[in-house]
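One structure below.
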There are 2 protein chains.
Amino acid sequence: GAGADNDLYINQAIVFIEDAIQYRSINHRVDSKSLWLYRWYYSRTCQWILSLTITVILALAFIEEPSSLTVTSDVRYRLPAWNPPCGLTESIELLCFLVFVVDVSVKSYLIGWKEFWKNKWLMAYILTLIVSLTDWIVSLSFFCKESVRIRRILRPFFLLQNSSMMKKTLKSINSTLPEMASVVLLLAVHLSLFTMFAMLLFARTKDNQQDKEWVVYFRNLPESLTSLLVLLTTANNPDVMIPAYSKNRAYSIFFILFTVLGNLFLMNLLTAIIYNQFRGYLLKSVQSSLFRRRLGIRAAFEVLSSLKETPASAQQSCVSVGALLQVLQKAEMDSRCKQAIMRSLKMRSCDQLSAAQFQKLFEELDKDAIKQHPPSPEYQSHFMQKMQFAFGHPYFGYLGNVVALANIISICVVLVMDADKQPSERDDFFLGAINCFFILYYLLEMLLKILAMGLKRYLSYPSNRFDGLLTVILLVLEIATFAVYGFPHPGWRPEFMGLLSLWDMVRLVNMLIVFRFLRIIPNMKFMALVVTTLLDLVKNLRAFAGILVVVFYAFAITGIMLFQGAVVPLGNTSVGPTNSWNIGPTTSMTLLWLTQEITLYFMEKNVISWCSADFQAEVIYDLFYILSVHLICRWAKIYFVAWWLISSVIWVNLFVALLLENFIHKWDRRCQRESLSDIEYQRTVELMFRDVLEEPTEEELMEKLHQHPHLQLCR
Amino acid sequence: GAGADNDLYINQAIVFIEDAIQYRSINHRVDSKSLWLYRWYYSRTCQWILSLTITVILALAFIEEPSSLTVTSDVRYRLPAWNPPCGLTESIELLCFLVFVVDVSVKSYLIGWKEFWKNKWLMAYILTLIVSLTDWIVSLSFFCKESVRIRRILRPFFLLQNSSMMKKTLKSINSTLPEMASVVLLLAVHLSLFTMFAMLLFARTKDNQQDKEWVVYFRNLPESLTSLLVLLTTANNPDVMIPAYSKNRAYSIFFILFTVLGNLFLMNLLTAIIYNQFRGYLLKSVQSSLFRRRLGIRAAFEVLSSLKETPASAQQSCVSVGALLQVLQKAEMDSRCKQAIMRSLKMRSCDQLSAAQFQKLFEELDKDAIKQHPPSPEYQSHFMQKMQFAFGHPYFGYLGNVVALANIISICVVLVMDADKQPSERDDFFLGAINCFFILYYLLEMLLKILAMGLKRYLSYPSNRFDGLLTVILLVLEIATFAVYGFPHPGWRPEFMGLLSLWDMVRLVNMLIVFRFLRIIPNMKFMALVVTTLLDLVKNLRAFAGILVVVFYAFAITGIMLFQGAVVPLGNTSVGPTNSWNIGPTTSMTLLWLTQEITLYFMEKNVISWCSADFQAEVIYDLFYILSVHLICRWAKIYFVAWWLISSVIWVNLFVALLLENFIHKWDRRCQRESLSDIEYQRTVELMFRDVLEEPTEEELMEKLHQHPHLQLCR
């Protein structure tokens, strides 16, 4: 009937408006049941469960065998890590898979059969699930004894497919690849030509004393390539040059030429290319978000305008205010926006809204919330008013900064004086007394500020919250210290009691004081600018960081599998069962973090030949035992070079490109902003580009709407 | 009289036009004698003498005591370097100073007294000369035995003041300094806060076994600062973390946080800031050059229009064609431009030129020369025409590339096969025969190309010149090899004869063949783009490189003076007189090139204490003996950190900024250019920006002309 139809239209409008708010695509089924499912799927609980599942499945790697849950990383001292019994992690995994199966079915159903075939991400999702489940069954049938677990490498895919931002970023990285590949090719040509030159230049001579360079660095093709590749990272910069330079100064020309061309020109060219490709990236992504928002709102308008109550006589389609109010009440959105829209709706005289008016109403969503601090309390007493003036004045804040600086300096002085003293000679009294005084001042400052500003206003400033929290923690620590160790007095060096020794307590207090000193940042203009840029950057970087995590995780798991059993005990030690010597995820991740240095050590230590004797990377000795030699030769080099390329060449450059983009935008409008500096905006990426964004035209929106696979518009 | 006046005007016009061509300022004296002096001063000979003098005075450092003119850098083997007798370098120096005195007097005279007082560069020039001469006298009166020679540090100033580009760049760097200083300050705050954290975190404990981190890296404030500063350069990246990480994995958070914040954020922020500041730099500098050019031409027009022969009745000032022709004939300029201007002058019907027409005539100067290749010879014979078609076809060039690639691969294969062979086992026959064949092919290719294109057309392509030159050199080498060692035959391993052994000859040939392979570059689109960008960059970088040379030179000389006598012989050696162990300029420069590593070695090796025992930096052992410990402690750290900041932080970022600027401009107009790719332009920076440049207005030009200190315009 008409009522049911009307209900459907209202529900559609609610969902479309929610889509617009969340920048979601509106291309999903729009019948009643699907809408209910859709709202359920995108409800906070459901999304939260999904995120939790992804976190759990990723975190499993740390518990599974081989795990890294030990305090020390030194295999000589660490106890064998706890390995869960077969079936425990597997059943958790199965639960996660079941959640993913539900997720993929709901998603596929909601976008419809036709769209499903076009959506490669969903297909890949299903494929990943099938492979994972098969692998899981194989694993159980071997009673968890099998060594290769493909599903562990596939896990980060679940993180990837759940974030539309990451998918978009990946697409955009993908489009930069051809140009990056060109520069990488150029680097490869540069490297191989110089390698040939080097092999000809530092060839073996008849006089064995003279060809140190050949013996150490250019013995054969792979070794020469590695030497120069590591030189490209500047990790072995002087060492590789020294034997030749020592023979004849002119040889340095070769190395300088190589470094300048490769490191200065080609590597930075990569930065330039990536920056050039990413210059428009942020703008484009914000532009497409804007389009989605306008489209959602327009779709809501269209379905509302086909409500039966609308007078059919009207030439132009329009929407009644009542219907919109009904929709707004049911839609989930920021309460501030909701109220603002309702307010302006109620102020209208006309009962009908045109498309433009409808769109205009929702512009409230794009506006930034102007944060208003609650007012200070108004005191009656003259004395209190004076107090309020004095302690609410910025100068009082500056005084606090000066005191914090004094505290830092006093700590610094004590540290310098105590640097070479034995712990037994140390007198904790001085530092204890000083800190006691400063913490009292901090407490006083906090209380006076609260008195002057009122608690609500005080807490509305983030800097005060930071300050206050640290002051309270410091106070608690100090009281705890006094409770356990008594008041400070000269020669105050009590024995160890409770959880922490006095010295540890004092250190902790000092660290917090150093940390508290960061409150000066907002007071320095340039620093504040830099810090806000960095914070913005962190927001924009989430997608990039996500992709990095995905790649990092996959590499780490691959590393665990590649280097399984590769940790060879050294002769002079005999601890633990051999199976605890596999590389755990933490060690694998550390290996990746140290890529450059590992390549260097591999190269430095096996001076005579890559694949012969037992060599020891002395410096990383404590960290982990040595990967056995045959594995290094076969895979490790390629593995680490690939990771170096991805992490330190490509990712760092992407990062620099984004930073440049962000910073330059910010810097350009610094002057503008300065006039408004007393109003704190909650800045978003969208706002940064607001004046450059193009509004989508009516035709574009309507064309897109008519292409909607499930929505049949009446006209 | 009128004739003399006319001559003066003509001469003024000539000089102004020459100023315009060279982008020089026109603010100099304009009377007859001064004009003659001005043209003499800016004549090629004079400027060449000046450049030579600057080169000579800078190069003196390599000959003066302590000199570095030895082949090996290893003090154990090298002979004492030749030290010139007292008075030799000093008299060369005096000659140079005299040239500079002439230079500064002419310059001061030419710009006039009033302008002189405003010109800080000239004042500094005179001051430098006075200090240098005083120092020179002191030096001679001590019979060259004095150790501190201030004038040596001042020398690079002569290079600096002679280049207007460098002065401009310096000004521009100067204006970026405040913002750079802010970031450096931020870095300093970051560093000091983390140092305090580290000192509190890795404090000395009662258990001596546990505090390895404290002993090695965070013993006291200076040591902690150094550890973290070096970590900022990532030079000691894993090592500094290992002891703590080994104790507890969680400590790695501290180091990761420090590296990410400092290295990824703050360091790259510096790049962003410098890029942001330099974004307009190239454009601005080109714009001011354009203004100088237009101003010079306008000044020429104004003086020519006041010639007596001009009809006084004319309302608008104008210039007769005859006068201009007279000026053009005498002015020194590119003959192509001169002819083009004369041609268009002669084609004019009217005898009078207005200001706009005058300006328009000289726009020929801004145009890029379209390089036209001479035509191919036209053969009568049908056979020859076919030959010409076949060998003039691009495919023949591609075939040549394929053959060159095959040659490279064959060399590579031989190198890999011979890698582990003893020199006595090596059979040179195979490589000799192969190279012989390939060189014959190269010769044939060259001859056929010359046949098809004619010698002139062949030589007009730079790639052909490169190719041909290398082919000829290869041929000569090959013939020389045959002449000395006979034709190759199996087991061809003759004894050493002549200048080079057969093996060295073959190696040299192979290196040239590898080098010749670079001819493929123009055939690959992207590579060609990159290479032209790099070449453009090199042009634009000259000023920056000059400033780097100035700073590098000053630092190197300071290093020589600081570390005088600091090279301490090791116990087990006894060679040469001690005075030859001073650090020469080459060693000093090498030290600077290795800054980062030196800091690292200093830090790594003196594990127990900075300033106590005799420590040896083993890896740099062969390069130079150890700087004695007390000097390192007092000065070396500050010296090397300062140089690191200037070279690797500031200069590299400037370089990246320029590269970004250049590359993005180039990339943007790649599409445009592709349509014109068959015409080779001689690209200049001016052309790159041509469509963005603003023409100066008539009013601006006239206002500037009326401010001229020496030229009185009639109207």
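A note on labels: chains of the structure tokens are A, B, ... as shown, every chain counts residues from 1, and ligands are counted from 1 in their shown order.
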
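Running DSSP on the backbone gives alpha helix (DSSP H) for these residues within segment 507-538 of chain A: A:Arg507, A:Leu508, A:Val509, A:Asn510, A:Met511, A:Leu512, A:Ile513, A:Val514, A:Phe515, A:Arg516, A:Lys525, A:Phe526, A:Met527, A:Ala528, A:Leu529, A:Val530, A:Val531, A:Thr532, A:Thr533, A:Leu534, A:Leu535, A:Asp536, A:Leu537, A:Val538.
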
Review point. Could you name the residues that touch segment 655-660 of chain B at 10 Å or less, counting only C-alpha atoms, but leaving out those on the same chain fewer than 6 positions away, as an NGL selection string?
Key: (:A and (264-265 or 267-273 or 275-276)) or (:B and (271-279 or 281-282 or 533-534 or 536-538 or 540-541 or 544-545 or 666))

Exercise for review: Would you list the contacts of Leu133 of chain A as an MDAnalysis selection string, taking every protein, DNA or RNA residue within 10 Å and counting only C-alpha atoms, but skipping same-chain residues closer than 2 positions in sequence?
Suggested key: chainID A and resid 93:94 97:98 127:131 135:139 151

Selection from above, C-alpha atoms, as an mmCIF file, in the first residue's frame, can you write it?
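Saved to out-v9.cif:
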```cif
data_model
loop_
_atom_site.group_PDB
_atom_site.id
_atom_site.type_symbol
_atom_site.label_atom_id
_atom_site.label_comp_id
_atom_site.auth_asym_id
_atom_site.auth_seq_id
_atom_site.Cartn_x
_atom_site.Cartn_y
_atom_site.Cartn_z
ATOM 1 C CA GLU A 93 41.114 -18.888 13.906
ATOM 2 C CA LEU A 94 38.022 -20.837 12.877
ATOM 3 C CA PHE A 97 36.950 -17.243 9.628
ATOM 4 C CA LEU A 98 33.287 -17.736 10.411
ATOM 5 C CA LEU A 127 39.213 -16.841 -2.602
ATOM 6 C CA THR A 128 41.345 -15.939 0.414
ATOM 7 C CA LEU A 129 38.751 -17.424 2.725
ATOM 8 C CA ILE A 130 38.575 -20.662 0.718
ATOM 9 C CA VAL A 131 42.376 -21.020 0.685
ATOM 10 C CA ASP A 135 44.899 -24.709 4.803
ATOM 11 C CA TRP A 136 43.249 -24.817 8.212
ATOM 12 C CA ILE A 137 41.822 -28.288 7.532
ATOM 13 C CA VAL A 138 45.205 -29.513 6.297
ATOM 14 C CA SER A 139 46.815 -28.087 9.395
ATOM 15 C CA ARG A 151 47.000 -18.837 5.595
#
```

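Omitting Leu444 of chain B and its sequence neighbours fewer than 5 positions away, and counting only C-alpha atoms, the residues within 12 Å are B:Phe391, B:Phe396, B:Gly400, B:Phe437, B:Phe438, B:Ile439, B:Lys449, B:Ile450, B:Leu451, B:Gly468, B:Thr471, B:Val472, B:Leu475.
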
Got time to write the residues from that selection, N, CA and C atoms, as a JSON list (two decimals), in the first residue's frame?
```json
[["chain", "number", "residue", "atom", "x", "y", "z"],
["B", 391, "PHE", "N", 71.18, 2.08, -44.15],
["B", 391, "PHE", "CA", 72.05, 2.39, -43.02],
["B", 391, "PHE", "C", 71.71, 3.72, -42.36],
["B", 396, "PHE", "N", 68.90, 0.45, -38.08],
["B", 396, "PHE", "CA", 70.33, 0.15, -38.09],
["B", 396, "PHE", "C", 70.95, 0.58, -36.75],
["B", 400, "GLY", "N", 72.75, -1.69, -33.83],
["B", 400, "GLY", "CA", 74.00, -1.34, -33.14],
["B", 400, "GLY", "C", 73.86, -1.48, -31.64],
["B", 437, "PHE", "N", 86.33, -8.81, -32.75],
["B", 437, "PHE", "CA", 85.17, -8.89, -33.63],
["B", 437, "PHE", "C", 84.23, -7.71, -33.41],
["B", 438, "PHE", "N", 83.92, -7.43, -32.15],
["B", 438, "PHE", "CA", 82.96, -6.36, -31.87],
["B", 438, "PHE", "C", 83.49, -5.00, -32.30],
["B", 439, "ILE", "N", 84.79, -4.78, -32.07],
["B", 439, "ILE", "CA", 85.33, -3.48, -32.43],
["B", 439, "ILE", "C", 85.29, -3.31, -33.94],
["B", 449, "LYS", "N", 77.46, 4.49, -41.32],
["B", 449, "LYS", "CA", 76.64, 5.64, -40.95],
["B", 449, "LYS", "C", 77.15, 6.91, -41.61],
["B", 450, "ILE", "N", 78.48, 7.05, -41.62],
["B", 450, "ILE", "CA", 79.06, 8.23, -42.27],
["B", 450, "ILE", "C", 78.72, 8.21, -43.75],
["B", 451, "LEU", "N", 78.79, 7.03, -44.33],
["B", 451, "LEU", "CA", 78.44, 6.89, -45.75],
["B", 451, "LEU", "C", 77.00, 7.34, -45.99],
["B", 468, "GLY", "N", 81.37, 7.69, -32.11],
["B", 468, "GLY", "CA", 82.52, 7.70, -33.01],
["B", 468, "GLY", "C", 83.82, 7.85, -32.26],
["B", 471, "THR", "N", 84.66, 4.69, -30.55],
["B", 471, "THR", "CA", 85.07, 3.67, -31.52],
["B", 471, "THR", "C", 86.50, 3.91, -31.96],
["B", 472, "VAL", "N", 86.84, 5.16, -32.23],
["B", 472, "VAL", "CA", 88.21, 5.47, -32.67],
["B", 472, "VAL", "C", 89.20, 5.11, -31.57],
["B", 475, "LEU", "N", 89.61, 1.45, -31.39],
["B", 475, "LEU", "CA", 90.40, 0.97, -32.52],
["B", 475, "LEU", "C", 91.88, 1.18, -32.27]]
```

Practice item. Name all residues at most 10 Å from Ala543 of chain B (count only C-alpha atoms; drop same-chain ones fewer than 4 positions away) and give them as a ChimeraX atom specification. Key: /B:160,163-170,538-539,547-549

Let me see the file: selected residues, all heavy atoms, as an mmCIF file, in the first residue's frame.
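Output file again_0.cif follows:
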```cif
data_model
loop_
_atom_site.group_PDB
_atom_site.id
_atom_site.type_symbol
_atom_site.label_atom_id
_atom_site.label_comp_id
_atom_site.auth_asym_id
_atom_site.auth_seq_id
_atom_site.Cartn_x
_atom_site.Cartn_y
_atom_site.Cartn_z
ATOM 1 N N LEU B 160 83.577 33.299 -4.408
ATOM 2 C CA LEU B 160 82.202 33.690 -4.101
ATOM 3 C C LEU B 160 81.853 35.040 -4.716
ATOM 4 O O LEU B 160 80.817 35.206 -5.366
ATOM 5 C CB LEU B 160 82.053 33.749 -2.582
ATOM 6 C CG LEU B 160 80.649 33.776 -2.004
ATOM 7 C CD1 LEU B 160 79.918 32.523 -2.395
ATOM 8 C CD2 LEU B 160 80.707 33.910 -0.502
ATOM 9 N N SER B 163 81.004 35.627 -8.649
ATOM 10 C CA SER B 163 79.851 35.093 -9.362
ATOM 11 C C SER B 163 78.569 35.729 -8.843
ATOM 12 O O SER B 163 78.232 35.592 -7.674
ATOM 13 C CB SER B 163 79.805 33.576 -9.172
ATOM 14 O OG SER B 163 78.488 33.125 -9.282
ATOM 15 N N SER B 164 77.865 36.432 -9.747
ATOM 16 C CA SER B 164 76.636 37.084 -9.288
ATOM 17 C C SER B 164 75.583 36.045 -8.955
ATOM 18 O O SER B 164 74.762 36.239 -8.069
ATOM 19 C CB SER B 164 76.128 38.046 -10.351
ATOM 20 O OG SER B 164 75.805 37.324 -11.517
ATOM 21 N N MET B 165 75.599 34.891 -9.678
ATOM 22 C CA MET B 165 74.649 33.830 -9.398
ATOM 23 C C MET B 165 74.817 33.311 -7.967
ATOM 24 O O MET B 165 73.849 33.088 -7.241
ATOM 25 C CB MET B 165 74.879 32.648 -10.357
ATOM 26 C CG MET B 165 74.076 32.675 -11.609
ATOM 27 S SD MET B 165 72.312 32.587 -11.290
ATOM 28 C CE MET B 165 72.107 30.809 -11.188
ATOM 29 N N MET B 166 76.087 33.148 -7.578
ATOM 30 C CA MET B 166 76.342 32.622 -6.244
ATOM 31 C C MET B 166 75.911 33.611 -5.185
ATOM 32 O O MET B 166 75.372 33.228 -4.145
ATOM 33 C CB MET B 166 77.820 32.285 -6.098
ATOM 34 C CG MET B 166 78.118 30.842 -6.458
ATOM 35 S SD MET B 166 79.822 30.571 -6.851
ATOM 36 C CE MET B 166 80.534 30.536 -5.244
ATOM 37 N N LYS B 167 76.132 34.899 -5.459
ATOM 38 C CA LYS B 167 75.723 35.911 -4.485
ATOM 39 C C LYS B 167 74.212 35.908 -4.325
ATOM 40 O O LYS B 167 73.687 35.986 -3.214
ATOM 41 C CB LYS B 167 76.221 37.291 -4.927
ATOM 42 C CG LYS B 167 77.720 37.475 -4.671
ATOM 43 C CD LYS B 167 78.160 38.897 -4.888
ATOM 44 C CE LYS B 167 78.651 39.099 -6.296
ATOM 45 N NZ LYS B 167 79.263 40.401 -6.535
ATOM 46 N N LYS B 168 73.517 35.771 -5.475
ATOM 47 C CA LYS B 168 72.061 35.753 -5.435
ATOM 48 C C LYS B 168 71.571 34.534 -4.643
ATOM 49 O O LYS B 168 70.669 34.637 -3.825
ATOM 50 C CB LYS B 168 71.535 35.679 -6.878
ATOM 51 C CG LYS B 168 70.454 36.691 -7.183
ATOM 52 C CD LYS B 168 69.801 36.400 -8.510
ATOM 53 C CE LYS B 168 70.630 36.836 -9.693
ATOM 54 N NZ LYS B 168 70.010 36.479 -10.983
ATOM 55 N N THR B 169 72.189 33.386 -4.946
ATOM 56 C CA THR B 169 71.776 32.157 -4.273
ATOM 57 C C THR B 169 72.000 32.265 -2.774
ATOM 58 O O THR B 169 71.163 31.846 -1.972
ATOM 59 C CB THR B 169 72.582 30.972 -4.837
ATOM 60 O OG1 THR B 169 72.472 30.994 -6.239
ATOM 61 C CG2 THR B 169 72.059 29.667 -4.314
ATOM 62 N N LEU B 170 73.136 32.863 -2.424
ATOM 63 C CA LEU B 170 73.455 33.006 -1.012
ATOM 64 C C LEU B 170 72.400 33.849 -0.309
ATOM 65 O O LEU B 170 71.966 33.542 0.806
ATOM 66 C CB LEU B 170 74.824 33.666 -0.871
ATOM 67 C CG LEU B 170 75.554 33.374 0.420
ATOM 68 C CD1 LEU B 170 75.897 31.910 0.494
ATOM 69 C CD2 LEU B 170 76.802 34.211 0.524
ATOM 70 N N VAL B 538 72.159 20.215 -13.382
ATOM 71 C CA VAL B 538 73.574 20.524 -13.197
ATOM 72 C C VAL B 538 73.824 21.988 -13.540
ATOM 73 O O VAL B 538 74.526 22.698 -12.826
ATOM 74 C CB VAL B 538 74.442 19.575 -14.045
ATOM 75 C CG1 VAL B 538 75.868 20.046 -14.075
ATOM 76 C CG2 VAL B 538 74.360 18.169 -13.474
ATOM 77 N N LYS B 539 73.167 22.467 -14.630
ATOM 78 C CA LYS B 539 73.308 23.885 -14.994
ATOM 79 C C LYS B 539 72.828 24.788 -13.872
ATOM 80 O O LYS B 539 73.499 25.735 -13.470
ATOM 81 C CB LYS B 539 72.497 24.184 -16.260
ATOM 82 C CG LYS B 539 73.235 23.917 -17.548
ATOM 83 C CD LYS B 539 72.373 24.371 -18.716
ATOM 84 C CE LYS B 539 72.472 23.358 -19.825
ATOM 85 N NZ LYS B 539 71.316 23.408 -20.735
ATOM 86 N N ILE B 547 78.782 27.395 -3.932
ATOM 87 C CA ILE B 547 78.716 27.716 -2.502
ATOM 88 C C ILE B 547 79.189 26.537 -1.678
ATOM 89 O O ILE B 547 79.915 26.687 -0.687
ATOM 90 C CB ILE B 547 77.286 28.144 -2.119
ATOM 91 C CG1 ILE B 547 77.016 29.506 -2.742
ATOM 92 C CG2 ILE B 547 77.110 28.205 -0.621
ATOM 93 C CD1 ILE B 547 75.621 29.971 -2.607
ATOM 94 N N LEU B 548 78.813 25.334 -2.116
ATOM 95 C CA LEU B 548 79.284 24.138 -1.407
ATOM 96 C C LEU B 548 80.799 24.073 -1.439
ATOM 97 O O LEU B 548 81.447 23.778 -0.422
ATOM 98 C CB LEU B 548 78.693 22.878 -2.034
ATOM 99 C CG LEU B 548 78.999 21.602 -1.271
ATOM 100 C CD1 LEU B 548 78.245 21.564 0.041
ATOM 101 C CD2 LEU B 548 78.701 20.373 -2.084
ATOM 102 N N VAL B 549 81.373 24.362 -2.622
ATOM 103 C CA VAL B 549 82.835 24.337 -2.740
ATOM 104 C C VAL B 549 83.440 25.350 -1.781
ATOM 105 O O VAL B 549 84.414 25.049 -1.076
ATOM 106 C CB VAL B 549 83.264 24.634 -4.198
ATOM 107 C CG1 VAL B 549 84.742 24.939 -4.269
ATOM 108 C CG2 VAL B 549 82.916 23.470 -5.089
#
```

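We find atom CA of Ile557 of chain A and atom CA of Asn248 of chain B to be spaced 22.4 Å apart.
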
Check your understanding: Can you tell me how far atom CA of Ser349 of chain A sits from atom CA of Leu361 of chain A, in Å to one decimal?
Key -> 14.4 Å

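Across the model, the gap from atom CA of Arg294 of chain A to atom CA of Asp103 of chain A is 27.5 Å.
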
Exercise for review: Tell me which of B:Arg155, B:Lys338, B:Arg249, B:Lys33 sits closest to chain A, counting only C-alpha atoms.
Suggested key: B:Arg249

For Leu186 of chain A, work out the shell of residues within 12 Å, counting only C-alpha atoms and skipping chain neighbours fewer than 3 positions away, then give it as an mmCIF file with C-alpha atoms, in the first residue's frame.
```cif
data_model
loop_
_atom_site.group_PDB
_atom_site.id
_atom_site.type_symbol
_atom_site.label_atom_id
_atom_site.label_comp_id
_atom_site.auth_asym_id
_atom_site.auth_seq_id
_atom_site.Cartn_x
_atom_site.Cartn_y
_atom_site.Cartn_z
ATOM 1 C CA GLU A 179 57.067 5.514 -13.263
ATOM 2 C CA MET A 180 58.621 4.119 -10.130
ATOM 3 C CA ALA A 181 59.560 1.036 -12.115
ATOM 4 C CA SER A 182 61.308 3.251 -14.658
ATOM 5 C CA VAL A 183 63.479 4.826 -11.991
ATOM 6 C CA VAL A 189 71.178 -0.101 -15.059
ATOM 7 C CA HIS A 190 73.304 2.291 -13.016
ATOM 8 C CA LEU A 191 74.147 -0.483 -10.592
ATOM 9 C CA SER A 192 74.972 -3.094 -13.202
ATOM 10 C CA LEU A 193 77.138 -0.774 -15.326
ATOM 11 C CA LEU A 261 74.881 9.679 -9.326
ATOM 12 C CA GLY A 262 73.059 6.918 -7.510
ATOM 13 C CA PHE A 265 70.525 12.046 -8.211
ATOM 14 C CA LEU A 266 68.624 8.835 -8.835
ATOM 15 C CA MET A 267 67.331 8.272 -5.316
ATOM 16 C CA LEU A 269 64.634 11.591 -8.507
ATOM 17 C CA LEU A 270 62.470 8.848 -7.111
ATOM 18 C CA LEU B 518 75.508 4.499 -22.561
ATOM 19 C CA ILE B 521 70.128 6.312 -23.254
ATOM 20 C CA MET B 524 64.707 5.140 -24.120
ATOM 21 C CA LYS B 525 62.139 7.861 -23.610
ATOM 22 C CA PHE B 526 62.032 7.931 -19.848
ATOM 23 C CA MET B 527 65.780 7.666 -19.509
ATOM 24 C CA ALA B 528 66.231 10.526 -21.931
ATOM 25 C CA LEU B 529 63.852 12.649 -19.871
ATOM 26 C CA VAL B 530 65.678 11.818 -16.679
ATOM 27 C CA VAL B 531 69.052 12.509 -18.190
#
```
